[in-house]
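Here is the file target00.pdb (PDB, C-alpha atoms).
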ATOM      1  CA  MET S  10       0.600  58.072  20.300  1.00  0.00           C
ATOM      2  CA  ALA S  11       2.706  55.696  18.320  1.00  0.00           C
ATOM      3  CA  THR S  12       3.862  52.157  18.807  1.00  0.00           C
ATOM      4  CA  ALA S  13       6.889  50.563  17.276  1.00  0.00           C
ATOM      5  CA  ARG S  14       6.193  47.552  15.108  1.00  0.00           C
ATOM      6  CA  ARG S  15       8.352  44.558  15.879  1.00  0.00           C
ATOM      7  CA  GLU S  16      10.093  42.902  12.974  1.00  0.00           C
ATOM      8  CA  PRO S  17      10.084  39.079  12.910  1.00  0.00           C
ATOM      9  CA  VAL S  18      13.115  37.701  14.687  1.00  0.00           C
ATOM     10  CA  ALA S  19      15.177  35.305  12.594  1.00  0.00           C
ATOM     11  CA  VAL S  20      15.227  31.808  14.023  1.00  0.00           C
ATOM     12  CA  ARG S  21      18.764  30.494  14.382  1.00  0.00           C
ATOM     13  CA  TRP S  22      19.181  26.944  13.126  1.00  0.00           C
ATOM     14  CA  TRP S  23      20.599  25.728  16.463  1.00  0.00           C
ATOM     15  CA  ARG S  24      17.678  27.149  18.452  1.00  0.00           C
ATOM     16  CA  ARG S  25      15.445  24.209  17.498  1.00  0.00           C
ATOM     17  CA  PRO S  26      16.909  21.173  19.302  1.00  0.00           C
ATOM     18  CA  TRP S  27      14.229  18.849  17.886  1.00  0.00           C
ATOM     19  CA  VAL S  28      15.398  19.291  14.276  1.00  0.00           C
ATOM     20  CA  ALA S  29      18.482  17.042  14.398  1.00  0.00           C
ATOM     21  CA  PRO S  30      16.725  14.133  16.185  1.00  0.00           C
ATOM     22  CA  LEU S  31      13.859  14.393  13.689  1.00  0.00           C
ATOM     23  CA  PHE S  32      16.195  14.093  10.695  1.00  0.00           C
ATOM     24  CA  VAL S  33      18.131  11.245  12.327  1.00  0.00           C
ATOM     25  CA  LEU S  34      14.900   9.385  13.068  1.00  0.00           C
ATOM     26  CA  VAL S  35      13.709   9.722   9.467  1.00  0.00           C
ATOM     27  CA  VAL S  36      17.066   8.682   7.992  1.00  0.00           C
ATOM     28  CA  VAL S  37      17.318   5.612  10.237  1.00  0.00           C
ATOM     29  CA  PHE S  38      13.725   4.603   9.513  1.00  0.00           C
ATOM     30  CA  LEU S  39      14.137   4.925   5.755  1.00  0.00           C
ATOM     31  CA  ALA S  40      17.493   3.135   5.827  1.00  0.00           C
ATOM     32  CA  PHE S  41      15.834   0.106   7.427  1.00  0.00           C
ATOM     33  CA  SER S  42      12.496   0.239   5.588  1.00  0.00           C
ATOM     34  CA  LEU S  43      13.201   1.292   2.001  1.00  0.00           C
ATOM     35  CA  PRO S  44      15.778  -1.272   0.785  1.00  0.00           C
ATOM     36  CA  ARG S  45      13.326  -4.199   0.835  1.00  0.00           C
ATOM     37  CA  TYR S  46      10.996  -2.291  -1.505  1.00  0.00           C
ATOM     38  CA  LEU S  47      13.754  -1.015  -3.781  1.00  0.00           C
ATOM     39  CA  THR S  48      14.444  -4.641  -4.750  1.00  0.00           C
ATOM     40  CA  PHE S  49      10.947  -4.794  -6.315  1.00  0.00           C
ATOM     41  CA  ASP S  50      10.759  -8.352  -5.040  1.00  0.00           C
ATOM     42  CA  PRO S  51       7.282  -9.254  -3.712  1.00  0.00           C
ATOM     43  CA  ALA S  52       8.867 -11.810  -1.392  1.00  0.00           C
ATOM     44  CA  GLN S  53      10.506  -8.967   0.570  1.00  0.00           C
ATOM     45  CA  THR S  54       7.302  -7.164   1.500  1.00  0.00           C
ATOM     46  CA  ARG S  55       5.864  -7.177   5.010  1.00  0.00           C
ATOM     47  CA  VAL S  56       2.342  -6.593   3.692  1.00  0.00           C
ATOM     48  CA  PRO S  57       1.019  -9.704   1.937  1.00  0.00           C
ATOM     49  CA  ALA S  58      -1.240  -9.070  -1.032  1.00  0.00           C
ATOM     50  CA  PRO S  59      -4.895 -10.119  -0.888  1.00  0.00           C
ATOM     51  CA  GLU S  60      -5.559 -13.210  -2.967  1.00  0.00           C
ATOM     52  CA  GLY S  61      -5.915 -12.432  -6.661  1.00  0.00           C
ATOM     53  CA  ALA S  62      -4.828  -8.776  -6.237  1.00  0.00           C
ATOM     54  CA  SER S  63      -1.894  -8.573  -8.647  1.00  0.00           C
ATOM     55  CA  TRP S  64      -2.082  -4.772  -8.454  1.00  0.00           C
ATOM     56  CA  HIS S  65      -1.387  -4.712  -4.716  1.00  0.00           C
ATOM     57  CA  TYR S  66       2.407  -5.027  -4.661  1.00  0.00           C
ATOM     58  CA  PRO S  67       3.182  -2.390  -7.365  1.00  0.00           C
ATOM     59  CA  LEU S  68       0.778   0.023  -5.662  1.00  0.00           C
ATOM     60  CA  LEU S  69       2.359  -0.713  -2.277  1.00  0.00           C
ATOM     61  CA  VAL S  70       5.859   0.006  -3.611  1.00  0.00           C
ATOM     62  CA  ALA S  71       4.642   3.264  -5.160  1.00  0.00           C
ATOM     63  CA  HIS S  72       2.980   4.224  -1.876  1.00  0.00           C
ATOM     64  CA  VAL S  73       6.161   3.561   0.115  1.00  0.00           C
ATOM     65  CA  LEU S  74       8.373   5.561  -2.265  1.00  0.00           C
ATOM     66  CA  LEU S  75       5.946   8.488  -2.516  1.00  0.00           C
ATOM     67  CA  ALA S  76       5.397   8.582   1.247  1.00  0.00           C
ATOM     68  CA  SER S  77       9.193   8.677   1.648  1.00  0.00           C
ATOM     69  CA  ILE S  78       9.280  11.795  -0.529  1.00  0.00           C
ATOM     70  CA  ALA S  79       6.626  13.366   1.687  1.00  0.00           C
ATOM     71  CA  MET S  80       8.576  12.441   4.795  1.00  0.00           C
ATOM     72  CA  ILE S  81      11.881  13.920   3.606  1.00  0.00           C
ATOM     73  CA  THR S  82      10.458  17.130   2.157  1.00  0.00           C
ATOM     74  CA  GLY S  83       8.143  17.518   5.149  1.00  0.00           C
ATOM     75  CA  CYS S  84      11.110  17.592   7.512  1.00  0.00           C
ATOM     76  CA  LEU S  85      12.540  20.551   5.628  1.00  0.00           C
ATOM     77  CA  GLN S  86       9.149  22.262   5.470  1.00  0.00           C
ATOM     78  CA  VAL S  87       8.646  22.297   9.242  1.00  0.00           C
ATOM     79  CA  TRP S  88      12.212  23.486   9.947  1.00  0.00           C
ATOM     80  CA  PRO S  89      11.836  27.207  10.888  1.00  0.00           C
ATOM     81  CA  TRP S  90      15.407  28.140   9.938  1.00  0.00           C
ATOM     82  CA  PHE S  91      15.062  26.603   6.478  1.00  0.00           C
ATOM     83  CA  ARG S  92      11.733  28.357   5.859  1.00  0.00           C
ATOM     84  CA  GLN S  93      13.191  31.756   6.733  1.00  0.00           C
ATOM     85  CA  ARG S  94      16.570  31.262   5.078  1.00  0.00           C
ATOM     86  CA  TYR S  95      15.303  29.772   1.806  1.00  0.00           C
ATOM     87  CA  PRO S  96      11.710  30.929   1.213  1.00  0.00           C
ATOM     88  CA  LEU S  97      11.784  30.112  -2.509  1.00  0.00           C
ATOM     89  CA  ALA S  98      13.030  26.571  -1.859  1.00  0.00           C
ATOM     90  CA  HIS S  99      10.360  26.264   0.822  1.00  0.00           C
ATOM     91  CA  ARG S 100       7.642  27.051  -1.732  1.00  0.00           C
ATOM     92  CA  TYR S 101       8.977  24.624  -4.336  1.00  0.00           C
ATOM     93  CA  LEU S 102       9.519  21.831  -1.821  1.00  0.00           C
ATOM     94  CA  GLY S 103       6.005  22.448  -0.574  1.00  0.00           C
ATOM     95  CA  ARG S 104       4.711  21.604  -4.051  1.00  0.00           C
ATOM     96  CA  VAL S 105       6.845  18.472  -4.100  1.00  0.00           C
ATOM     97  CA  TYR S 106       5.511  17.506  -0.656  1.00  0.00           C
ATOM     98  CA  VAL S 107       1.917  17.873  -1.853  1.00  0.00           C
ATOM     99  CA  PHE S 108       1.895  16.727  -5.478  1.00  0.00           C
ATOM    100  CA  ALA S 109       4.747  14.172  -5.508  1.00  0.00           C
ATOM    101  CA  GLY S 110       4.267  13.008  -1.928  1.00  0.00           C
ATOM    102  CA  VAL S 111       1.029  13.302  -0.006  1.00  0.00           C
ATOM    103  CA  LEU S 112      -1.477  13.377  -2.878  1.00  0.00           C
ATOM    104  CA  PRO S 113      -0.405  10.173  -4.677  1.00  0.00           C
ATOM    105  CA  ALA S 114       0.700   8.469  -1.460  1.00  0.00           C
ATOM    106  CA  GLY S 115      -2.601   9.295   0.233  1.00  0.00           C
ATOM    107  CA  VAL S 116      -4.708   7.977  -2.657  1.00  0.00           C
ATOM    108  CA  SER S 117      -2.652   4.786  -2.931  1.00  0.00           C
ATOM    109  CA  GLY S 118      -2.715   4.429   0.863  1.00  0.00           C
ATOM    110  CA  PHE S 119      -6.513   4.643   0.814  1.00  0.00           C
ATOM    111  CA  VAL S 120      -6.766   1.832  -1.731  1.00  0.00           C
ATOM    112  CA  ILE S 121      -4.226  -0.325   0.094  1.00  0.00           C
ATOM    113  CA  GLY S 122      -5.967   0.397   3.403  1.00  0.00           C
ATOM    114  CA  VAL S 123      -9.312  -0.853   2.090  1.00  0.00           C
ATOM    115  CA  ALA S 124      -7.657  -4.126   1.066  1.00  0.00           C
ATOM    116  CA  SER S 125      -5.461  -4.505   4.158  1.00  0.00           C
ATOM    117  CA  PRO S 126      -4.881  -8.174   5.068  1.00  0.00           C
ATOM    118  CA  PHE S 127      -4.547  -7.286   8.762  1.00  0.00           C
ATOM    119  CA  GLY S 128      -8.224  -7.216   9.598  1.00  0.00           C
ATOM    120  CA  PRO S 129     -11.088  -4.698   9.771  1.00  0.00           C
ATOM    121  CA  ILE S 130      -9.697  -2.653  12.686  1.00  0.00           C
ATOM    122  CA  ASN S 131      -6.548  -1.960  10.681  1.00  0.00           C
ATOM    123  CA  GLN S 132      -8.560  -1.292   7.515  1.00  0.00           C
ATOM    124  CA  VAL S 133     -10.758   1.346   9.167  1.00  0.00           C
ATOM    125  CA  SER S 134      -7.732   3.053  10.721  1.00  0.00           C
ATOM    126  CA  ASN S 135      -5.814   3.181   7.443  1.00  0.00           C
ATOM    127  CA  VAL S 136      -8.779   4.537   5.499  1.00  0.00           C
ATOM    128  CA  ILE S 137      -9.457   7.309   8.036  1.00  0.00           C
ATOM    129  CA  LEU S 138      -5.745   8.147   8.157  1.00  0.00           C
ATOM    130  CA  ALA S 139      -5.563   8.466   4.356  1.00  0.00           C
ATOM    131  CA  VAL S 140      -8.666  10.674   4.210  1.00  0.00           C
ATOM    132  CA  LEU S 141      -7.430  12.992   6.976  1.00  0.00           C
ATOM    133  CA  TRP S 142      -3.946  13.143   5.461  1.00  0.00           C
ATOM    134  CA  LEU S 143      -5.352  14.273   2.136  1.00  0.00           C
ATOM    135  CA  ALA S 144      -7.856  16.652   3.748  1.00  0.00           C
ATOM    136  CA  PHE S 145      -5.339  18.382   6.035  1.00  0.00           C
ATOM    137  CA  THR S 146      -2.916  18.831   3.153  1.00  0.00           C
ATOM    138  CA  ALA S 147      -5.653  20.231   0.896  1.00  0.00           C
ATOM    139  CA  LEU S 148      -6.670  22.694   3.603  1.00  0.00           C
ATOM    140  CA  ALA S 149      -3.022  23.753   3.966  1.00  0.00           C
ATOM    141  CA  VAL S 150      -2.744  24.371   0.216  1.00  0.00           C
ATOM    142  CA  ARG S 151      -6.002  26.319   0.190  1.00  0.00           C
ATOM    143  CA  ALA S 152      -4.854  28.510   3.084  1.00  0.00           C
ATOM    144  CA  ALA S 153      -1.571  29.250   1.279  1.00  0.00           C
ATOM    145  CA  TRP S 154      -3.416  30.247  -1.909  1.00  0.00           C
ATOM    146  CA  GLN S 155      -5.581  32.578   0.165  1.00  0.00           C
ATOM    147  CA  ARG S 156      -2.433  33.953   1.845  1.00  0.00           C
ATOM    148  CA  ARG S 157      -3.635  32.862   5.276  1.00  0.00           C
ATOM    149  CA  PHE S 158      -0.151  31.744   6.224  1.00  0.00           C
ATOM    150  CA  GLY S 159      -0.908  31.214   9.915  1.00  0.00           C
ATOM    151  CA  ASP S 160      -3.636  28.710   9.035  1.00  0.00           C
ATOM    152  CA  HIS S 161      -1.399  27.229   6.344  1.00  0.00           C
ATOM    153  CA  ARG S 162       1.282  26.484   8.927  1.00  0.00           C
ATOM    154  CA  LYS S 163      -1.208  24.852  11.310  1.00  0.00           C
ATOM    155  CA  TRP S 164      -2.671  22.561   8.668  1.00  0.00           C
ATOM    156  CA  MET S 165       0.796  21.658   7.416  1.00  0.00           C
ATOM    157  CA  ILE S 166       1.862  20.643  10.911  1.00  0.00           C
ATOM    158  CA  ARG S 167      -1.212  18.405  11.173  1.00  0.00           C
ATOM    159  CA  SER S 168      -0.452  16.957   7.743  1.00  0.00           C
ATOM    160  CA  PHE S 169       3.176  16.324   8.662  1.00  0.00           C
ATOM    161  CA  ALA S 170       2.119  14.657  11.921  1.00  0.00           C
ATOM    162  CA  LEU S 171       0.192  12.111   9.859  1.00  0.00           C
ATOM    163  CA  THR S 172       3.136  11.775   7.481  1.00  0.00           C
ATOM    164  CA  MET S 173       5.306  10.752  10.421  1.00  0.00           C
ATOM    165  CA  SER S 174       2.723   8.379  11.877  1.00  0.00           C
ATOM    166  CA  ILE S 175       4.193   5.433   9.980  1.00  0.00           C
ATOM    167  CA  ILE S 176       7.263   5.706  12.225  1.00  0.00           C
ATOM    168  CA  THR S 177       5.269   5.946  15.461  1.00  0.00           C
ATOM    169  CA  ASN S 178       3.177   3.041  14.203  1.00  0.00           C
ATOM    170  CA  ARG S 179       6.301   0.863  14.143  1.00  0.00           C
ATOM    171  CA  LEU S 180       7.436   2.123  17.544  1.00  0.00           C
ATOM    172  CA  TRP S 181       4.114   1.234  19.161  1.00  0.00           C
ATOM    173  CA  GLY S 182       4.295  -2.245  17.670  1.00  0.00           C
ATOM    174  CA  ILE S 183       7.156  -3.233  19.981  1.00  0.00           C
ATOM    175  CA  PRO S 184       5.507  -2.712  23.408  1.00  0.00           C
ATOM    176  CA  ILE S 185       2.092  -3.855  22.172  1.00  0.00           C
ATOM    177  CA  GLY S 186       3.591  -7.049  20.746  1.00  0.00           C
ATOM    178  CA  MET S 187       5.411  -7.711  24.017  1.00  0.00           C
ATOM    179  CA  TRP S 188       2.165  -7.149  25.920  1.00  0.00           C
ATOM    180  CA  LEU S 189      -0.144  -9.296  23.785  1.00  0.00           C
ATOM    181  CA  ALA S 190       2.147 -12.116  22.626  1.00  0.00           C
ATOM    182  CA  PRO S 191       2.092 -13.946  26.001  1.00  0.00           C
ATOM    183  CA  GLN S 192      -1.726 -13.975  25.763  1.00  0.00           C
ATOM    184  CA  LEU S 193      -1.750 -16.078  22.584  1.00  0.00           C
ATOM    185  CA  GLU S 194      -3.111 -19.215  24.248  1.00  0.00           C
ATOM    186  CA  THR S 195      -5.493 -17.417  26.591  1.00  0.00           C
ATOM    187  CA  THR S 196      -7.002 -14.226  25.199  1.00  0.00           C
ATOM    188  CA  PHE S 197      -6.634 -15.277  21.545  1.00  0.00           C
ATOM    189  CA  GLY S 198      -7.356 -18.991  21.925  1.00  0.00           C
ATOM    190  CA  GLY S 199      -4.124 -19.979  20.212  1.00  0.00           C
ATOM    191  CA  SER S 200      -5.005 -18.079  17.019  1.00  0.00           C
ATOM    192  CA  GLU S 201      -1.941 -16.350  15.635  1.00  0.00           C
ATOM    193  CA  ILE S 202      -4.154 -14.599  13.080  1.00  0.00           C
ATOM    194  CA  ALA S 203      -6.285 -13.032  15.836  1.00  0.00           C
ATOM    195  CA  LEU S 204      -3.136 -12.019  17.733  1.00  0.00           C
ATOM    196  CA  GLY S 205      -1.582 -10.453  14.633  1.00  0.00           C
ATOM    197  CA  GLN S 206      -4.745  -8.521  13.800  1.00  0.00           C
ATOM    198  CA  ALA S 207      -5.021  -7.218  17.367  1.00  0.00           C
ATOM    199  CA  ILE S 208      -1.415  -6.009  17.374  1.00  0.00           C
ATOM    200  CA  SER S 209      -1.743  -4.492  13.907  1.00  0.00           C
ATOM    201  CA  GLY S 210      -5.041  -2.800  14.713  1.00  0.00           C
ATOM    202  CA  LEU S 211      -3.846  -1.227  17.947  1.00  0.00           C
ATOM    203  CA  THR S 212      -0.570   0.010  16.469  1.00  0.00           C
ATOM    204  CA  ALA S 213      -2.371   1.414  13.425  1.00  0.00           C
ATOM    205  CA  TRP S 214      -4.747   3.501  15.554  1.00  0.00           C
ATOM    206  CA  LEU S 215      -2.195   4.607  18.146  1.00  0.00           C
ATOM    207  CA  GLY S 216       0.356   5.456  15.444  1.00  0.00           C
ATOM    208  CA  TRP S 217      -1.611   8.366  14.005  1.00  0.00           C
ATOM    209  CA  THR S 218      -4.081   9.379  16.735  1.00  0.00           C
ATOM    210  CA  LEU S 219      -1.441  10.037  19.396  1.00  0.00           C
ATOM    211  CA  THR S 220       0.838  11.757  16.888  1.00  0.00           C
ATOM    212  CA  LEU S 221      -2.005  14.035  15.817  1.00  0.00           C
ATOM    213  CA  LEU S 222      -2.916  14.776  19.441  1.00  0.00           C
ATOM    214  CA  PHE S 223       0.710  15.727  20.089  1.00  0.00           C
ATOM    215  CA  ALA S 224       0.619  18.086  17.099  1.00  0.00           C
ATOM    216  CA  GLU S 225      -2.534  19.734  18.462  1.00  0.00           C
ATOM    217  CA  TRP S 226      -0.916  20.116  21.868  1.00  0.00           C
ATOM    218  CA  TRP S 227       2.114  21.679  20.193  1.00  0.00           C
ATOM    219  CA  LEU S 228      -0.043  24.155  18.281  1.00  0.00           C
ATOM    220  CA  GLN S 229      -1.961  25.162  21.403  1.00  0.00           C
ATOM    221  CA  ARG S 230       1.287  25.538  23.323  1.00  0.00           C
ATOM    222  CA  LYS S 231       2.745  27.796  20.632  1.00  0.00           C
ATOM    223  CA  LYS S 232      -0.486  29.792  20.540  1.00  0.00           C
ATOM    224  CA  LYS S 233      -0.333  30.495  24.272  1.00  0.00           C
ATOM    225  CA  ARG S 234       3.332  31.445  24.111  1.00  0.00           C
ATOM    226  CA  SER S 235       2.660  33.868  21.257  1.00  0.00           C
ATOM    227  CA  VAL S 236       0.310  35.914  23.429  1.00  0.00           C
ATOM    228  CA  ARG S 237       2.131  39.033  24.591  1.00  0.00           C
ATOM    229  CA  VAL S 238       1.199  41.229  27.502  1.00  0.00           C
ATOM    230  CA  PRO S 239       0.473  44.735  26.167  1.00  0.00           C
ATOM    231  CA  VAL S 240       3.184  47.214  27.040  1.00  0.00           C
ATOM    232  CA  PRO S 241       1.916  50.653  28.142  1.00  0.00           C
ATOM    233  CA  VAL S 242       2.896  53.386  25.704  1.00  0.00           C
ATOM    234  CA  ALA S 243       3.547  56.821  27.094  1.00  0.00           C
ATOM    235  CA  ALA S 244       1.521  59.643  25.556  1.00  0.00           C
ATOM    236  CA  ALA S 245       3.536  61.873  23.251  1.00  0.00           C
ATOM    237  CA  GLY S 246       3.930  65.538  24.051  1.00  0.00           C
TER     238      GLY S 246
END
Have the structure of the file written as structure tokens, please.
Amino acid sequence: MATARREPVAVRWWRRPWVAPLFVLVVVFLAFSLPRYLTFDPAQTRVPAPEGASWHYPLLVAHVLLASIAMITGCLQVWPWFRQRYPLAHRYLGRVYVFAGVLPAGVSGFVIGVASPFGPINQVSNVILAVLWLAFTALAVRAAWQRRFGDHRKWMIRSFALTMSIITNRLWGIPIGMWLAPQLETTFGGSEIALGQAISGLTAWLGWTLTLLFAEWWLQRKKKRSVRVPVPVAAAG
């Protein structure tokens, strides 16, 4: 008996309708977020530095720029057509994603997260996010070195989900702010600081936890779809 081995089917670039919206979302986000940090003017930042921390603003700018590199290269890395069409570019961009993006951005994000001025709930979220971001990316690199490319892809998707969490963080801020702002005088006793920390803390946690849960759902969905019903093979002769 013999069975024919199926060759991988090339993925056409138009067969992934999520690719274009993903790129548009990233471009729009960076167009609105990056310019204020490219001025290198501390007055433009949305993250005030802790008192006496002169290192905070330069590290924040570096984190934003390095995370932007991770975001842009990550989009290309998760694009199936690009991976299949340009495997060499995929490998080189993967190194850029890791060593010029996630690694330095994750370390700087950890330090900034510890010193976050938005309260302890935000601090804990940012620290856990940075640790998981670095860990998932390291596991992806390890799997690639060991030529376990299926595991490499899974860990990279988890890593990229955390890379994109900064965007979902901002998106969650809108409805949460609209929900909590009217409660300033009641729930928060008129304290704008308490209100700001509550909004920041909730958006920080929802930004990466829900994105990561979506990535896990996506991986499980793809796993189920990859299961094929065995086709009976007629005996030869």
Here CA of Trp227 (chain S) and CA of Trp181 (chain S) stand apart by 20.6 Å
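Distance-wise, CA of Ser168 (chain S) and CA of Gly186 (chain S) end up 27.6 Å apart.
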Excluding Tyr46 (chain S) and residues on its chain fewer than 6 positions from it, collect all residues at most 10 Å away from it, counting only C-alpha atoms, and give them as JSON, numbers by chain.
{"S": [52, 53, 54, 55, 66, 67, 69, 70, 71, 73, 74]}
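Shortest separation to Ala58 (chain S) among S:Ala76, S:Ile185, S:Ile121, S:Cys84 occurs at residue S:Ile121, atoms counted being all atoms listed in the file.
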Could you check how far CA of Leu193 (chain S) sits from CA of Val136 (chain S), in Å to one decimal?
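Pair CA of Leu193 (chain S) / CA of Val136 (chain S) returns 27.7 Å.
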Env of Gln132 (chain S): 7 Å cut, atoms = only C-alpha atoms, seq-sep filter 6 positions within chain, self excluded. Answer as a VMD selection string.
chain S and resid 122 to 123 125
Since we have the selection now, will you write its residues out, keeping C-alpha atoms, as an mmCIF file, keeping the file's coordinate frame?
data_model
loop_
_atom_site.group_PDB
_atom_site.id
_atom_site.type_symbol
_atom_site.label_atom_id
_atom_site.label_comp_id
_atom_site.auth_asym_id
_atom_site.auth_seq_id
_atom_site.Cartn_x
_atom_site.Cartn_y
_atom_site.Cartn_z
ATOM 1 C CA GLY S 122 -5.967 0.397 3.403
ATOM 2 C CA VAL S 123 -9.312 -0.853 2.090
ATOM 3 C CA SER S 125 -5.461 -4.505 4.158
#
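Remark: for Leu222 (chain S), the closest of the candidate residues S:Arg167, S:Arg45, S:His99, S:Arg162 is S:Arg167 (distances computed over only C-alpha atoms).
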Give as a ChimeraX atom specification each residue that has an atom at most 8 Å from (-2.1, -2.4, 23.3) in the file, counting all atoms listed in the file.
/S:184-186,188-189,208,211-212
Produce the centre coordinates and the three edge lengths, each in Å to one decimal, of the box along x, y and z that contains all listed atoms of region 63-72 of chain S with 8 Å added on each side, as JSON.
{"center_x": 1.9, "center_y": -2.2, "center_z": -5.3, "size_x": 23.9, "size_y": 28.8, "size_z": 22.8}
Identify which of the residues S:Trp164, S:Pro51, S:Gly210, S:Ile78 lies closest to Leu39 (chain S), counting only C-alpha atoms when measuring atom-to-atom distances.
S:Ile78
Of the candidates S:Ile183, S:Val150, S:Leu138, S:Val116, which one gets nearest to Thr218 (chain S) if we count all atoms listed in the file?
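Smallest distance to Thr218 (chain S) is found for S:Leu138.
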Residue with the minimum atom-to-atom distance to Leu34 (chain S), picked from S:Tyr95, S:Pro191, S:Gly198, S:Ile176 with all atoms listed in the file counted, is S:Ile176
Residues matched by the PyMOL selection byres ((chain S and resi 146) around 12) as number ranges by chain:
S: 79, 83, 103-104, 106-108, 110-115, 139-145, 147-153, 160-172
Go through S:Phe127, S:Phe41, S:Tyr101, S:Trp214 one by one, measure the shortest atom-to-atom distance of each to Val56 (chain S) using all atoms listed in the file, and give the residue with the smallest value.
S:Phe127
